[in-house]
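> Structure provided below as structure tokens; questions to follow.
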Amino acid sequence: MKILQVISSTNIGSGIANVVMNYYRNIDREQIQFDFLIFWEAPVNYNNEIESLGGRVYYFTKPGLTTYFKAKKELRNFFAEHKGEYDIVHCHEILVAKLVFEAARKQGGVKACISHSHNSRLADSFVKKVRNRIAVLGLAKKSDYCFACSSQAAISAFGKSITKNKKYHYITNAINFERFQFSEEGRVKVRKEFGITHEKILCNVGRLSLQKNQSYLLKILAGLVKRDENIRLLLVGDGELRKDLENIVIKNALEKYVIFTASRRDIGDILSASDVFVFPSLYEGLGLVLIEAQINGLKCVANETLPKEAFINDNVIGLKLNDIETWINTIYNVLKKGYDREEIILNTTNSGFSIGKVIKSIETIYKKIVD
């Protein structure tokens, strides 16, 4: 069985790419193989790993106002060249899904098309929301199966009635718990790398973007270091707002306290080195890294409006974004009092995110489609 996974890129810093790679690493590759179709080539990517696992990476032009017909032609040509090769197209980029599915069915002869929603909001600005709402209009009807990582993500892409539709499947984002479990060795390694000894570390992992709201986190940090200068912030990731965030750091004289690490492969070690995970994202389809932080045993402080599926134990403190003083006080008190990391780790073991459970569910659906 061969599945074509459609994602924006194979960037190691992409949450969606990480989810799909978790599927690929752990699925029965003797029975199921993946190829990838992407529209952006990231400088740091999973391409070599994909090839080592038996897959291939293909490219097409991202559809837009000026590139729509070019993208449509490329998709038609791609599926014509690979006609009969793929049993299923699994599209994680819902804004291009209808265009991909049209070519996959007409030129590629695929058996089924799956649209998979990973976000609870279609865009940040009003204009983009309207544009993207049009792009996903009728997507549920164009899809043979509708997957989502949370109820919020499902409703955002497919409408309120989708959760009662037989097409719908709630698919938790698979996590290999071993990769994110606390490591004393990893803690020492990362702290040594950044010259941190006794200081407390706040951590945020994600694309440097408006959605992830790191500018709000920098305001929190500015308030914290007025109370305690022995605090450092690791901003793990890259993105379009990196320069803006660096300017905010300089403007507020926070250079001593903030470390931009860029994208990293050793997220488990980064989490192990940290003392509190701070997640003020404006919205998330799920918030996979929030779950990874809990697996690692970190106390987490997050936007309370994020999907409840990501709050897998009582050690995540949900707060309103309009009350920055509460964020400052809460984080300060957590750092001051400390907590039992092992207790948090034990509370995550029975969650539904273990890689084995999720992979079994996906394999069952794939096989049902093909059979």
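By order in the structure tokens, chains are A, B, ...; within a chain, residues start at 1; ligands start at 1, following the order shown.
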So that I can see what lies close to region 355-360 of chain A, please list as a ChimeraX atom specification the residues with an atom at most 12 Å from it, counting only C-alpha atoms and leaving out residues fewer than 5 positions away in the same chain.
/A:19-29,32,149,169-179,349-350,365-367
> Can you tell me, as number ranges by chain, which residues in region 122-297 of chain A count as alpha helix (DSSP H) by DSSP?
A: 126-136, 139-142, 151-158, 177-180, 184-193, 214-225, 242-251, 267-273, 288-296
> So which one's closest to Leu4 (chain A), A:Lys98, A:Pro43, A:Glu30, A:Gly108? Using only C-alpha atoms, please.
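Selected residue with least distance to Leu4 (chain A): A:Gly108.
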> Excluding same-chain residues fewer than 4 positions from Arg191 (chain A), what lies within 10 Å of it counting only C-alpha atoms, as a list in words?
Gly186, Arg187, Gly195, Ile196, Thr197, His198, Glu199, Ile201, Asp269, Ile270, Ser272, Ala273 and Ser274 of chain A
> Of the candidates A:Val301, A:Leu224, A:Met1, A:Ala97, which shows the shortest atom-to-atom distance to Lys141 (chain A), using only C-alpha atoms?
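Among the listed residues, A:Ala97 lies closest to Lys141 (chain A).
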> Please provide the set of residues having any atom within 7 Å of Leu241 (chain A), restricted to only C-alpha atoms, with same-chain residues fewer than 4 positions apart removed, written as a short mmCIF file (atom, residue, chain, number, x, y, z; two decimals) with C-alpha atoms, in the first residue's frame.

```
data_model
loop_
_atom_site.label_atom_id
_atom_site.label_comp_id
_atom_site.auth_asym_id
_atom_site.auth_seq_id
_atom_site.Cartn_x
_atom_site.Cartn_y
_atom_site.Cartn_z
CA LEU A 208 8.52 32.52 15.39
CA SER A 209 5.22 33.93 14.20
CA LEU A 245 11.53 39.60 18.14
#
```
> For region 254-259 of chain A, please output as a list in words all residues within 8 Å (counting only C-alpha atoms; exclusion window: fewer than 3 positions along the same chain).
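Selected residues are Ala222, Ile231, Arg232, Leu233, Leu234, Leu235, Val249, Ile250 and Lys251 of chain A.
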> Export, as a PDB file, in the first residue's frame, the selected residues with N, CA and C atoms.

```
ATOM      1  N   ALA A 222      10.185  40.297  30.627  1.00  0.00           N
ATOM      2  CA  ALA A 222      10.612  41.616  31.120  1.00  0.00           C
ATOM      3  C   ALA A 222      10.116  41.847  32.543  1.00  0.00           C
ATOM      4  N   ILE A 231      16.967  34.258  35.510  1.00  0.00           N
ATOM      5  CA  ILE A 231      16.009  33.596  34.627  1.00  0.00           C
ATOM      6  C   ILE A 231      16.479  33.768  33.184  1.00  0.00           C
ATOM      7  N   ARG A 232      16.381  32.692  32.421  1.00  0.00           N
ATOM      8  CA  ARG A 232      16.749  32.743  30.999  1.00  0.00           C
ATOM      9  C   ARG A 232      15.586  32.174  30.186  1.00  0.00           C
ATOM     10  N   LEU A 233      15.466  32.646  28.958  1.00  0.00           N
ATOM     11  CA  LEU A 233      14.412  32.172  28.056  1.00  0.00           C
ATOM     12  C   LEU A 233      15.035  31.574  26.803  1.00  0.00           C
ATOM     13  N   LEU A 234      14.672  30.330  26.508  1.00  0.00           N
ATOM     14  CA  LEU A 234      15.076  29.688  25.262  1.00  0.00           C
ATOM     15  C   LEU A 234      13.919  29.777  24.276  1.00  0.00           C
ATOM     16  N   LEU A 235      14.121  30.478  23.167  1.00  0.00           N
ATOM     17  CA  LEU A 235      13.147  30.528  22.089  1.00  0.00           C
ATOM     18  C   LEU A 235      13.632  29.573  21.003  1.00  0.00           C
ATOM     19  N   VAL A 249      13.808  42.392  21.904  1.00  0.00           N
ATOM     20  CA  VAL A 249      14.793  42.031  22.930  1.00  0.00           C
ATOM     21  C   VAL A 249      15.774  43.178  23.159  1.00  0.00           C
ATOM     22  N   ILE A 250      16.278  43.759  22.070  1.00  0.00           N
ATOM     23  CA  ILE A 250      17.234  44.866  22.177  1.00  0.00           C
ATOM     24  C   ILE A 250      16.580  46.101  22.786  1.00  0.00           C
ATOM     25  N   LYS A 251      15.371  46.411  22.313  1.00  0.00           N
ATOM     26  CA  LYS A 251      14.661  47.605  22.788  1.00  0.00           C
ATOM     27  C   LYS A 251      14.413  47.541  24.292  1.00  0.00           C
TER      28      LYS A 251
END
```
> Using only C-alpha atoms, can you tell me which of A:Cys300, A:Leu290, A:Lys219, A:Phe260 comes closest to Ile248 (chain A)?
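The shortest atom-to-atom distance to Ile248 (chain A) comes from A:Lys219.
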> Which residue gives the smallest distance to Asp340 (chain A) among A:Gly297, A:Pro307, A:Pro280, A:Gly223, with only C-alpha atoms counted?
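Of the candidates, the smallest distance to Asp340 (chain A) is held by A:Gly297.
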> Calculate how many Å separate CA of Lys72 (chain A) from CA of Ser9 (chain A), rounding to one decimal.
18.3 Å
> Quick one: distance from CA of Thr305 (chain A) to CA of Asp323 (chain A) in Å, one decimal?
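Interatomic distance, CA of Thr305 (chain A) to CA of Asp323 (chain A): 13.5 Å.
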